[in-house]
Structures are given as structure tokens and as C-alpha cells.
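Colleague: For reference, this is work.tsv, and it has TSV, C-alpha atoms and all ligand atoms.
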```
chain	number	residue	atom	x	y	z
A	1152	MET	CA	48.74	34.97	-54.91
A	1153	SER	CA	45.48	33.34	-53.82
A	1154	LYS	CA	43.38	30.50	-55.19
A	1155	PHE	CA	40.57	33.00	-55.55
A	1156	TRP	CA	42.43	35.16	-58.05
A	1157	SER	CA	41.28	34.98	-61.67
A	1158	SER	CA	43.88	34.31	-64.36
A	1159	MET	CA	43.60	38.00	-65.26
A	1160	VAL	CA	44.62	39.06	-61.76
A	1161	LYS	CA	47.43	36.51	-61.73
A	1162	ARG	CA	49.02	37.62	-64.99
A	1163	THR	CA	48.77	41.37	-64.42
A	1164	GLU	CA	51.83	43.39	-63.39
A	1165	PRO	CA	50.35	46.68	-62.18
A	1166	TYR	CA	51.85	50.04	-63.12
A	1167	VAL	CA	53.67	51.89	-60.36
A	1168	PRO	CA	53.04	55.65	-60.52
A	1169	GLY	CA	55.63	58.24	-59.46
A	1170	GLU	CA	55.77	59.05	-55.74
A	1171	GLN	CA	53.08	61.42	-54.47
A	1172	VAL	CA	54.32	63.30	-51.43
A	1173	ILE	CA	52.51	65.83	-49.30
A	1174	GLN	CA	55.59	67.08	-47.49
A	1175	PRO	CA	55.63	70.87	-47.45
A	1176	ASN	CA	58.62	72.58	-49.10
A	1177	ILE	CA	59.38	69.67	-51.37
A	1178	VAL	CA	60.02	70.66	-54.99
A	1179	LYS	CA	58.04	68.06	-56.85
A	1180	LEU	CA	59.42	67.52	-60.35
A	1181	ASN	CA	58.65	63.80	-60.70
A	1182	THR	CA	55.20	63.23	-62.26
A	1183	ASN	CA	54.93	65.80	-65.05
A	1184	GLU	CA	52.21	67.80	-63.38
A	1185	ASN	CA	51.68	71.44	-64.29
A	1186	PRO	CA	53.20	73.82	-61.71
A	1187	TYR	CA	50.43	76.38	-62.31
A	1188	PRO	CA	46.92	75.99	-60.90
A	1189	PRO	CA	43.99	75.46	-63.29
A	1190	SER	CA	42.26	78.49	-64.84
A	1191	PRO	CA	40.16	80.47	-62.32
A	1192	LYS	CA	37.21	79.73	-64.62
A	1193	VAL	CA	37.61	76.02	-63.78
A	1194	MET	CA	37.25	76.78	-60.07
A	1195	GLU	CA	34.20	78.92	-60.77
A	1196	ALA	CA	32.52	76.21	-62.85
A	1197	ILE	CA	33.21	73.50	-60.25
A	1198	ARG	CA	31.95	75.69	-57.41
A	1199	GLY	CA	28.73	76.43	-59.31
A	1200	GLU	CA	28.16	72.76	-60.09
A	1201	MET	CA	28.78	71.75	-56.45
A	1202	GLU	CA	26.14	74.18	-55.29
A	1203	ARG	CA	23.57	73.03	-57.81
A	1204	ASN	CA	23.46	69.45	-59.01
A	1205	LEU	CA	25.56	67.00	-57.05
A	1206	GLN	CA	22.56	64.87	-56.06
A	1207	LEU	CA	21.95	64.06	-59.73
A	1208	TYR	CA	23.88	61.63	-61.95
A	1209	PRO	CA	26.11	63.29	-64.52
A	1210	SER	CA	25.48	63.07	-68.27
A	1211	PRO	CA	26.46	59.56	-69.41
A	1212	THR	CA	27.26	60.88	-72.89
A	1213	ALA	CA	29.16	64.05	-71.89
A	1214	ASP	CA	27.78	65.81	-74.98
A	1215	ASP	CA	28.76	69.36	-73.99
A	1216	LEU	CA	32.34	68.46	-73.14
A	1217	ARG	CA	32.77	66.35	-76.28
A	1218	ALA	CA	31.41	69.19	-78.45
A	1219	THR	CA	33.76	71.69	-76.78
A	1220	VAL	CA	36.83	69.48	-77.19
A	1221	GLY	CA	35.84	68.69	-80.78
A	1222	ARG	CA	35.46	72.39	-81.67
A	1223	SER	CA	39.02	73.10	-80.66
A	1224	TYR	CA	40.18	70.58	-83.32
A	1225	GLY	CA	37.50	71.18	-85.96
A	1226	LEU	CA	35.82	67.85	-85.14
A	1227	SER	CA	32.23	66.93	-84.30
A	1228	ALA	CA	31.21	65.60	-80.87
A	1229	ASP	CA	30.83	62.14	-82.48
A	1230	GLU	CA	34.55	62.16	-83.27
A	1231	VAL	CA	35.45	62.63	-79.59
A	1232	PHE	CA	35.39	60.23	-76.63
A	1233	VAL	CA	36.03	61.38	-73.04
A	1234	GLY	CA	37.14	59.31	-70.08
A	1235	ASN	CA	38.52	59.26	-66.56
A	1236	GLY	CA	42.05	60.35	-67.39
A	1237	SER	CA	43.77	59.31	-70.59
A	1238	ASP	CA	44.92	56.16	-68.80
A	1239	GLU	CA	41.32	54.96	-68.80
A	1240	VAL	CA	40.87	56.03	-72.43
A	1241	LEU	CA	44.02	54.07	-73.34
A	1242	ALA	CA	42.85	50.99	-71.42
A	1243	PHE	CA	39.48	51.11	-73.22
A	1244	SER	CA	41.34	51.52	-76.53
A	1245	PHE	CA	43.38	48.37	-75.92
A	1246	MET	CA	40.11	46.50	-75.33
A	1247	ALA	CA	38.37	48.09	-78.31
A	1248	PHE	CA	41.07	47.76	-80.99
A	1249	PHE	CA	43.72	45.19	-80.08
A	1250	GLU	CA	43.20	41.41	-80.21
A	1251	PRO	CA	44.66	38.64	-78.05
A	1252	GLY	CA	46.91	36.61	-80.35
A	1253	GLN	CA	47.94	39.53	-82.60
A	1254	ALA	CA	51.12	41.31	-81.56
A	1255	ILE	CA	50.98	45.09	-81.26
A	1256	ARG	CA	54.07	47.30	-81.44
A	1257	PHE	CA	55.31	50.14	-79.30
A	1258	PRO	CA	58.74	51.70	-78.75
A	1259	ALA	CA	61.15	49.82	-76.47
A	1260	VAL	CA	61.54	52.97	-74.38
A	1261	THR	CA	58.11	54.45	-73.78
A	1262	TYR	CA	55.23	54.98	-71.36
A	1263	SER	CA	55.40	51.97	-69.05
A	1264	PHE	CA	51.63	51.58	-68.83
A	1265	TYR	CA	51.48	50.02	-72.35
A	1266	PRO	CA	52.97	46.64	-71.37
A	1267	VAL	CA	50.72	46.66	-68.30
A	1268	TYR	CA	47.57	46.97	-70.43
A	1269	ALA	CA	48.92	44.43	-72.89
A	1270	LYS	CA	49.42	41.85	-70.14
A	1271	LEU	CA	46.08	42.64	-68.51
A	1272	PHE	CA	44.18	42.12	-71.79
A	1273	ASP	CA	46.41	39.23	-72.93
A	1274	ILE	CA	47.68	41.06	-76.00
A	1275	PRO	CA	51.17	40.07	-77.21
A	1276	TYR	CA	53.57	42.91	-78.00
A	1277	GLU	CA	56.83	43.70	-79.76
A	1278	GLU	CA	59.07	46.45	-78.41
A	1279	VAL	CA	60.68	48.34	-81.29
A	1280	PRO	CA	64.18	49.57	-80.37
A	1281	LEU	CA	64.87	53.30	-80.63
A	1282	ASN	CA	67.88	54.74	-82.45
A	1283	ASP	CA	70.82	55.68	-80.20
A	1284	ASP	CA	69.63	59.30	-80.13
A	1285	PHE	CA	66.16	58.08	-78.95
A	1286	THR	CA	64.47	58.89	-82.28
A	1287	LEU	CA	61.96	56.32	-83.64
A	1288	GLN	CA	62.85	53.73	-86.27
A	1289	VAL	CA	59.75	54.76	-88.16
A	1290	ASP	CA	59.60	51.96	-90.73
A	1291	GLN	CA	59.82	49.31	-87.99
A	1292	PHE	CA	56.25	50.23	-87.09
A	1293	PHE	CA	54.93	49.49	-90.61
A	1294	GLN	CA	52.66	46.46	-91.28
A	1295	SER	CA	52.19	45.50	-87.63
A	1296	GLU	CA	50.26	42.33	-86.90
A	1297	GLY	CA	47.93	43.80	-84.30
A	1298	GLY	CA	48.29	47.61	-84.29
A	1299	VAL	CA	50.57	50.31	-82.93
A	1300	ILE	CA	50.62	52.59	-79.92
A	1301	LEU	CA	53.16	55.32	-79.31
A	1302	PRO	CA	53.32	58.61	-77.49
A	1303	ASN	CA	54.20	61.80	-79.34
A	1304	PRO	CA	56.20	63.42	-77.81
A	1305	ASN	CA	57.56	60.15	-76.44
A	1306	ALA	CA	57.84	59.63	-72.70
A	1307	PRO	CA	60.23	59.60	-70.95
A	1308	THR	CA	62.57	60.67	-73.77
A	1309	SER	CA	60.67	63.95	-74.50
A	1310	LEU	CA	61.33	63.73	-78.26
A	1311	TYR	CA	58.72	64.76	-80.82
A	1312	THR	CA	58.30	62.77	-84.05
A	1313	GLU	CA	57.39	64.91	-87.06
A	1314	LEU	CA	53.87	64.49	-88.37
A	1315	GLU	CA	55.02	63.13	-91.75
A	1316	HIS	CA	56.55	60.14	-89.94
A	1317	ILE	CA	53.42	59.61	-87.85
A	1318	GLU	CA	51.39	59.73	-91.06
A	1319	ALA	CA	53.69	57.14	-92.65
A	1320	ILE	CA	53.05	54.78	-89.71
A	1321	VAL	CA	49.27	55.28	-89.99
A	1322	LYS	CA	49.36	54.82	-93.77
A	1323	ASN	CA	51.41	51.62	-93.50
A	1324	ASN	CA	48.99	49.95	-91.08
A	1325	PRO	CA	45.78	50.40	-93.10
A	1326	ASP	CA	43.93	47.49	-91.48
A	1327	LYS	CA	45.04	48.09	-87.89
A	1328	VAL	CA	44.48	50.92	-85.44
A	1329	VAL	CA	47.37	53.27	-84.72
A	1330	ILE	CA	47.01	55.07	-81.39
A	1331	ILE	CA	49.01	58.27	-80.96
A	1332	ASP	CA	49.15	59.19	-77.28
A	1333	GLU	CA	49.56	62.96	-77.26
A	1334	ALA	CA	49.69	63.56	-73.51
A	1335	TYR	CA	52.40	66.22	-74.05
A	1336	ILE	CA	51.43	67.60	-77.47
A	1337	ASP	CA	50.54	71.10	-76.23
A	1338	PHE	CA	54.23	71.65	-75.39
A	1339	ALA	CA	55.26	70.50	-78.88
A	1340	SER	CA	54.20	71.29	-82.42
A	1341	LYS	CA	51.47	69.79	-84.55
A	1342	SER	CA	48.88	67.29	-83.32
A	1343	ALA	CA	48.03	64.28	-85.48
A	1344	ALA	CA	44.36	65.25	-85.00
A	1345	GLU	CA	44.55	67.04	-88.35
A	1346	LEU	CA	44.96	63.64	-90.06
A	1347	ILE	CA	41.76	62.15	-88.61
A	1348	GLN	CA	39.56	63.04	-91.61
A	1349	GLN	CA	42.01	61.25	-93.92
A	1350	TYR	CA	42.63	58.04	-91.98
A	1351	ASP	CA	39.94	55.85	-90.45
A	1352	ASN	CA	42.54	53.86	-88.45
A	1353	LEU	CA	44.01	56.78	-86.49
A	1354	LEU	CA	43.09	57.38	-82.84
A	1355	VAL	CA	44.61	60.41	-81.12
A	1356	VAL	CA	44.51	60.39	-77.31
A	1357	GLN	CA	45.08	63.48	-75.17
A	1358	THR	CA	44.69	64.58	-71.57
A	1359	THR	CA	43.86	67.65	-69.50
A	1360	SER	CA	46.37	66.46	-66.86
A	1361	LYS	CA	49.42	68.26	-68.22
A	1362	SER	CA	48.78	71.38	-70.29
A	1363	ARG	CA	45.47	72.26	-68.62
A	1364	SER	CA	46.64	71.69	-65.04
A	1365	LEU	CA	43.91	69.15	-64.25
A	1366	ALA	CA	45.80	66.00	-63.20
A	1367	GLY	CA	43.63	65.89	-60.08
A	1368	LEU	CA	40.34	66.03	-61.98
A	1369	ARG	CA	41.05	63.00	-64.25
A	1370	VAL	CA	39.84	63.92	-67.72
A	1371	GLY	CA	41.34	62.44	-70.88
A	1372	PHE	CA	39.95	62.13	-74.37
A	1373	ALA	CA	40.32	60.37	-77.72
A	1374	MET	CA	39.66	61.74	-81.18
A	1375	GLY	CA	39.09	59.64	-84.28
A	1376	ASN	CA	36.71	58.43	-86.96
A	1377	THR	CA	33.12	58.03	-85.69
A	1378	SER	CA	33.30	54.23	-85.90
A	1379	LEU	CA	36.38	54.14	-83.63
A	1380	ILE	CA	34.62	56.44	-81.17
A	1381	ALA	CA	31.51	54.24	-81.28
A	1382	ALA	CA	33.68	51.25	-80.30
A	1383	LEU	CA	35.02	53.12	-77.26
A	1384	VAL	CA	31.48	54.07	-76.26
A	1385	ARG	CA	30.44	50.39	-76.47
A	1386	ILE	CA	33.29	49.43	-74.13
A	1387	LYS	CA	32.53	52.26	-71.69
A	1388	ASP	CA	28.81	51.44	-71.63
A	1389	SER	CA	29.62	47.83	-70.85
A	1390	PHE	CA	31.70	48.93	-67.90
A	1391	ASN	CA	30.47	52.13	-66.23
A	1392	SER	CA	27.92	54.63	-67.56
A	1393	TYR	CA	29.37	57.54	-65.61
A	1394	THR	CA	33.14	57.54	-65.89
A	1395	LEU	CA	33.28	61.32	-65.53
A	1396	ASP	CA	31.60	63.01	-62.59
A	1397	ARG	CA	29.79	66.34	-62.74
A	1398	LEU	CA	32.74	68.34	-61.42
A	1399	ALA	CA	35.10	66.81	-63.98
A	1400	LEU	CA	32.70	67.51	-66.84
A	1401	VAL	CA	32.22	71.20	-66.07
A	1402	GLY	CA	35.82	71.75	-64.95
A	1403	ALA	CA	37.34	70.30	-68.12
A	1404	GLN	CA	34.91	72.25	-70.25
A	1405	ALA	CA	35.83	75.54	-68.54
A	1406	ALA	CA	39.53	74.72	-69.07
A	1407	PHE	CA	38.95	74.33	-72.81
A	1408	GLU	CA	37.00	77.56	-72.96
A	1409	ASP	CA	39.77	79.62	-71.34
A	1410	GLU	CA	42.16	79.64	-74.29
A	1411	ALA	CA	44.07	82.70	-73.06
A	1412	TYR	CA	45.02	81.07	-69.75
A	1413	PHE	CA	46.02	77.88	-71.55
A	1414	ALA	CA	48.27	79.80	-73.96
A	1415	GLU	CA	49.84	81.80	-71.13
A	1416	THR	CA	50.68	78.83	-68.89
A	1417	THR	CA	51.93	76.52	-71.65
A	1418	GLY	CA	54.04	79.43	-73.00
A	1419	LYS	CA	55.60	79.93	-69.57
A	1420	ILE	CA	56.44	76.24	-69.23
A	1421	ILE	CA	58.05	76.13	-72.68
A	1422	ALA	CA	60.16	79.23	-71.85
A	1423	THR	CA	61.27	77.71	-68.52
A	1424	ARG	CA	62.07	74.42	-70.27
A	1425	ASN	CA	64.32	76.12	-72.77
A	1426	LYS	CA	66.21	77.90	-69.96
A	1427	ILE	CA	66.72	74.77	-67.83
A	1428	GLN	CA	67.85	72.82	-70.88
A	1429	THR	CA	70.71	75.34	-71.35
A	1430	THR	CA	71.56	75.33	-67.62
A	1431	LEU	CA	71.74	71.53	-67.59
A	1432	GLU	CA	74.01	71.50	-70.63
A	1433	GLN	CA	76.31	73.99	-68.92
A	1434	LEU	CA	76.45	71.66	-65.91
A	1435	GLY	CA	77.69	68.75	-68.04
A	1436	PHE	CA	74.41	67.02	-68.91
A	1437	SER	CA	73.35	65.82	-72.31
A	1438	VAL	CA	69.70	66.70	-72.84
A	1439	PRO	CA	67.78	65.55	-75.93
A	1440	PRO	CA	65.74	68.46	-77.38
A	1441	SER	CA	62.54	68.29	-75.34
A	1442	GLN	CA	59.11	69.14	-76.71
A	1443	ALA	CA	57.32	68.11	-73.52
A	1444	ASN	CA	56.85	69.57	-70.03
A	1445	PHE	CA	59.87	67.60	-68.83
A	1446	VAL	CA	63.47	67.07	-69.85
A	1447	PHE	CA	65.45	63.84	-69.93
A	1448	ALA	CA	69.01	64.39	-68.80
A	1449	SER	CA	72.15	62.32	-68.33
A	1450	HIS	CA	75.35	63.62	-66.72
A	1451	GLU	CA	78.69	62.89	-68.34
A	1452	THR	CA	80.35	61.67	-65.11
A	1453	VAL	CA	77.87	61.43	-62.21
A	1454	SER	CA	75.33	58.60	-62.21
A	1455	ALA	CA	71.63	59.37	-62.45
A	1456	GLU	CA	70.83	57.14	-59.48
A	1457	TYR	CA	73.28	59.05	-57.28
A	1458	LEU	CA	71.85	62.38	-58.43
A	1459	TYR	CA	68.27	61.21	-57.85
A	1460	ASN	CA	69.07	60.26	-54.24
A	1461	ALA	CA	71.18	63.34	-53.54
A	1462	LEU	CA	68.45	65.63	-54.89
A	1463	LYS	CA	65.80	63.81	-52.86
A	1464	LYS	CA	67.84	64.32	-49.69
A	1465	ARG	CA	67.82	68.04	-50.47
A	1466	GLY	CA	64.04	68.20	-50.98
A	1467	ILE	CA	63.95	67.93	-54.80
A	1468	LEU	CA	62.02	65.00	-56.26
A	1469	VAL	CA	62.69	63.92	-59.86
A	1470	ARG	CA	61.98	60.59	-61.62
A	1471	TYR	CA	64.58	57.87	-62.04
A	1472	PHE	CA	63.92	54.69	-64.02
A	1473	ASN	CA	66.14	51.76	-63.18
A	1474	LYS	CA	65.72	50.22	-66.63
A	1475	PRO	CA	68.30	49.14	-69.21
A	1476	GLY	CA	69.09	51.87	-71.75
A	1477	ILE	CA	67.76	54.73	-69.64
A	1478	ASP	CA	69.22	53.97	-66.22
A	1479	ASN	CA	71.62	56.87	-66.44
A	1480	TYR	CA	68.91	59.45	-67.12
A	1481	LEU	CA	66.76	61.62	-64.89
A	1482	ARG	CA	63.33	62.76	-66.00
A	1483	ILE	CA	62.79	66.24	-64.66
A	1484	THR	CA	59.37	67.88	-64.83
A	1485	ILE	CA	59.36	71.58	-65.68
A	1486	GLY	CA	58.22	73.60	-62.67
A	1487	THR	CA	58.00	77.36	-62.24
A	1488	ASP	CA	61.11	79.48	-62.87
A	1489	GLU	CA	61.51	79.70	-59.09
A	1490	GLN	CA	61.35	75.91	-58.60
A	1491	MET	CA	63.84	75.34	-61.41
A	1492	LYS	CA	66.20	77.86	-59.83
A	1493	GLN	CA	66.05	75.91	-56.56
A	1494	PHE	CA	66.65	72.70	-58.49
A	1495	ALA	CA	69.68	74.18	-60.28
A	1496	VAL	CA	71.16	75.50	-57.01
A	1497	LYS	CA	70.94	72.06	-55.35
A	1498	LEU	CA	72.23	70.30	-58.45
A	1499	ARG	CA	75.26	72.62	-58.63
A	1500	GLU	CA	75.89	71.98	-54.93
A	1501	ILE	CA	75.85	68.19	-55.49
A	1502	LEU	CA	78.06	68.33	-58.57
A	1503	GLU	CA	80.62	70.58	-56.90
A	1504	LYS	CA	80.97	68.14	-54.00
B	1	LIG	C1	52.53	59.21	-72.28
B	1	LIG	C2	51.45	59.32	-71.27
B	1	LIG	N1	50.22	58.93	-71.59
B	1	LIG	C3	49.21	59.02	-70.70
B	1	LIG	C4	49.41	59.50	-69.43
B	1	LIG	C5	48.26	59.48	-68.46
B	1	LIG	O1	47.72	60.70	-68.19
B	1	LIG	P1	46.33	60.87	-67.46
B	1	LIG	O2	45.79	59.52	-67.11
B	1	LIG	O3	46.60	61.71	-66.28
B	1	LIG	O4	45.45	61.55	-68.47
B	1	LIG	C6	50.67	59.92	-69.05
B	1	LIG	C7	50.89	60.42	-67.67
B	1	LIG	O5	51.95	60.62	-67.19
B	1	LIG	C8	51.73	59.83	-69.98
B	1	LIG	O6	52.98	60.17	-69.66
```
Once you've parsed the file, please lay out its structure as C-alpha cells.
Ligand SMILES: Cc1ncc(COP(=O)(O)O)c(C=O)c1O
Modeller:
Amino acid sequence: MSKFWSSMVKRTEPYVPGEQVIQPNIVKLNTNENPYPPSPKVMEAIRGEMERNLQLYPSPTADDLRATVGRSYGLSADEVFVGNGSDEVLAFSFMAFFEPGQAIRFPAVTYSFYPVYAKLFDIPYEEVPLNDDFTLQVDQFFQSEGGVILPNPNAPTSLYTELEHIEAIVKNNPDKVVIIDEAYIDFASKSAAELIQQYDNLLVVQTTSKSRSLAGLRVGFAMGNTSLIAALVRIKDSFNSYTLDRLALVGAQAAFEDEAYFAETTGKIIATRNKIQTTLEQLGFSVPPSQANFVFASHETVSAEYLYNALKKRGILVRYFNKPGIDNYLRITIGTDEQMKQFAVKLREILEK
């Protein structure tokens, strides 16, 4: 703490991301990255852009990328906002739609960046408890004072909430914005984007970090009614005209254009997820039915903290949250079949000991 810090700096409690290691041979299953590289078309587009235009500023309005993203959901470019990772899009959304003095709601077990943004922007919040099986208490999100934010599928529980329940939450907050953070939606079923034409208070946020293998490029986006998008643009243009660089713009666009690669890699991850879910159950874990690119698993007799450390010692990194309610769970990102085999071998070894 320093006398020079503003009250904003003093009250903030920054988010701590999962460990990033560069050790060779480590099996990294801790930050929900995609184990497959981006589409070769992404590399081609980035290479071309590097050779041509890097001395020039990028487009401040990202029209081509917004139009491409919009097309894939039947939306116009004016119904799409793009930003530097969905974390930035979420932060802008807190500023654009939530008010200091009016409590927002999010699930008690959820993405731990939400309370960080809330504190940063001085927005009070209520944490809505989950049911014992981690499903949402849907009606507890109705008639919020300041708005709602929740991920679907939820993180770190991996559970998907059916669209009819999401719609009920949107419908029952007609004067407040409901943000559905769909970081993992491409490993699940239906996106709430199909409700955007019906509800002017619905903002759907997605990312290229997971299903399109672009965590390193930092491209996230929001979809919603044109007046919500206009609000995000006003915030961005009061902050930084060029949140996405030239390489990010062309790379993300190429990723959206290569639908076949996207379908192939997400299909592989879903198949691997279903296999590891069964393996974990056979090893004595309970695993809620995941619709994400990770599973959330708790062993019937061995503590999650012990397993986290024992796996780490053997070169396998998973995520452990030392938080009430989930402190006996491991969040395990889905890697390749080969990586998950290595994970299962080490896990068996630890459990047999
Ligand atoms: C629920 C959720 N939302 C948003 C993000 C942020 O993704 P990014 O900033 O890489 O787009 C994550 C990343 O782990 C996440 O789990």
C-alpha cells in the first residue's frame, strides 16, 4: 500500500490466473487451453499480415471480424463487439451495464474474475448459492437489483444450464442486463445467441481462447442488441481505440472461416472428455456431467489437495481451488487422448499407493 495509490487501486483484489509453466514434458491441464494448435489458415493469415501492414494501425472498428463473427450467428456486425480476450469484454460490460450502488447477482461458485471486476468498479454483488449437485437455483436470479452475470457452462463446475432456464432469467430481469458468459459453449449445446433478437437486455460473451485454440492471441467478443453493443463501443473508445492488433484481427477471422477445423478439434475434445469422465468414475471419482473442455472431479477417499500435489510432482498440472464448497475438487482440462492417458496412468499410480 502506498499513499500514491488511488482508492480504486486500494480496493482491488486482482485475479490470480492459473500457473503458466514452460517446463518441457509437463502435461498442462490447468488453464482450459485447447491442446490442438490453431487452424493452419490462422498461421497463414498472421504470416501474410506480418509481411504487409505492421507499420500501420489496425482498424479501430474491426468491421471485417465483427461481420464474420456475426454471420456465424445470423447477426449483423452492429450486434457484435470484439475485444482483447473475453476478460476485457467482460470488464467493459461491467462498466457499461452495472451501477455502483445496485447489487448484481452471480453464482456462489463461478468464474472468480466476477468479484474482482465488481470490486474494481465498486459494484455490490450477491452470490447465489448453487444446489448440492451444482445446478443453478434459477429463480434466485429473477428481479435482480443491478443485473446478472453467469457463465454457461459454468466454471469451474462444467455444468450446462438449459436455454429455457437462461431465457427465464433474462425474461425476469427486463430492466437489467443479463450477461451470459459462454466461454465454453462450443463444447456444450445451444448458445443463448439465438435469443438476442427477442430480448434487448441479453448480452452473450464468447471467446476464441478455448474452442478456436487462440488463448495466446487474445480475442473475445460480445453479441447483443445494437444499443448494448453501442455502449461497449463508447467504453472502448474512451479507453483505447485499438484493443485488437492486426495479427489478432486477421487470425481470429481466419479461425472463424475454417469451420471444418473447428468442428474436427472440438469433436475430438468432446470425445476425449467423455472417455476420461468414464475412467475417472472407474477410479472412484464423482464427476458432474461436463459440457465444457474440462471436468470437475472429486475422489471418494483421497483429498483433492493431495492429488493436486502428487500429480504436480509427477509432471501433471491440474487446477485446485482452495475455496469452501469446492476444496475437494480438481478441475482437469481436456488434453489430447495421449495426454489424458498419461494423466490416468499417474493418477492410478497415486491412488494405488
Ligand atoms: C468463464 C470464463 N469466462 C471468461 C474467460 C476468459 O477468457 P479469455 O479472456 O481468454 O477470452 C475464462 C477463461 O478461463 C473463463 O473460464
Colleague: Find the residue from A:Asn1473, A:Ser1295, A:Asn1460, A:Ser1362 that sits nearest to Glu1415 (chain A); use only C-alpha atoms when measuring.
Modeller: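 Residue with the minimum atom-to-atom distance to Glu1415 (chain A): A:Ser1362.
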Colleague: Which of these, A:Glu1164, A:Glu1296, A:Glu1333, A:Glu1313, has the shortest distance to ligand LIG 1 (chain B) once you count all atoms listed in the file?
Modeller: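 Of A:Glu1164, A:Glu1296, A:Glu1333, A:Glu1313, the one nearest ligand LIG 1 (chain B), counting all atoms listed in the file, is A:Glu1333.
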Colleague: Using only C-alpha atoms and all ligand atoms, which residues have at least one atom no more than 9 Å from ligand LIG 1 (chain B)? Output them as a VMD selection string.
Modeller: chain A and resid 1168 to 1169 1182 to 1184 1234 to 1241 1261 to 1264 1301 to 1307 1332 to 1335 1356 to 1361 1365 to 1372
Colleague: How far is it from CA of Leu1271 (chain A) to CA of Tyr1480 (chain A), in Å with one decimal?
Modeller: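 Distance reported for this atom pair: 28.4 Å.
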Colleague: List the spatial neighbours of Val1289 (chain A) as a PyMOL selection string - criterion: any atom at most 10 Å away, only C-alpha atoms, same-chain residues fewer than 3 positions off excluded.
Modeller: chain A and resi 1258+1279+1281-1282+1286+1292-1293+1312+1316-1317+1319-1320
Colleague: So which residues are close to (67.8, 70.5, -55.3), meaning at most 7 Å away in the file's coordinates with only C-alpha atoms counted, and can you show them as a list in words?
Modeller: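 The distance filter leaves exactly Leu1462, Arg1465, Gly1466, Ile1467, Gln1493, Phe1494, Ala1495, Val1496, Lys1497 and Leu1498 of chain A.
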Colleague: Choose the residue, out of A:Met1491, A:Leu1310, A:Ile1501, A:Ile1420, that has the smallest atom-to-atom separation from Leu1458 (chain A); count all atoms listed in the file.
Modeller: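 For Leu1458 (chain A), the nearest of the candidates is A:Ile1501.
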Colleague: Under the rule that all atoms listed in the file are counted, which of A:Val1167, A:Leu1398, A:Leu1502, A:Met1374 is the nearest residue to Gly1435 (chain A)?
Modeller: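 Ranking A:Val1167, A:Leu1398, A:Leu1502, A:Met1374 by distance to Gly1435 (chain A), first place goes to A:Leu1502.
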Colleague: For region 1221-1228 of chain A, list every protein, DNA or RNA residue within 8 Å, evaluated using only C-alpha atoms, and leave out those in the same chain fewer than 6 positions away; present the list as a PyMOL selection string.
Modeller: chain A and resi 1214+1344-1345+1374+1407
Colleague: Could you take the residues named above and write them with C-alpha atoms, as a PDB file, in the coordinates of the input?
Modeller:
```pdb
ATOM      1  CA  ASP A1214      27.780  65.810 -74.980  1.00  0.00           C
ATOM      2  CA  ALA A1344      44.360  65.250 -85.000  1.00  0.00           C
ATOM      3  CA  GLU A1345      44.550  67.040 -88.350  1.00  0.00           C
ATOM      4  CA  MET A1374      39.660  61.740 -81.180  1.00  0.00           C
ATOM      5  CA  PHE A1407      38.950  74.330 -72.810  1.00  0.00           C
TER       6      PHE A1407
END
```
Colleague: Taking only C-alpha atoms into account, which of A:Ser1364, A:Thr1430, A:Lys1154, A:Val1446 comes nearest Tyr1412 (chain A)?
Modeller: A:Ser1364
Colleague: My list of candidates is A:Ser1244, A:Thr1417, A:Asn1323, A:Gln1288. Which is closest to Ala1269 (chain A) when distances are computed with only C-alpha atoms?
Modeller: A:Ser1244
Colleague: Between CA of Leu1354 (chain A) and CA of Ala1373 (chain A), measure the distance and give it in Å to one decimal.
Modeller: 6.5 Å
Colleague: Kindly give the distance, in Å, that separates CA of Lys1341 (chain A) and CA of Lys1179 (chain A), rounded to a single decimal.
Modeller: 28.5 Å
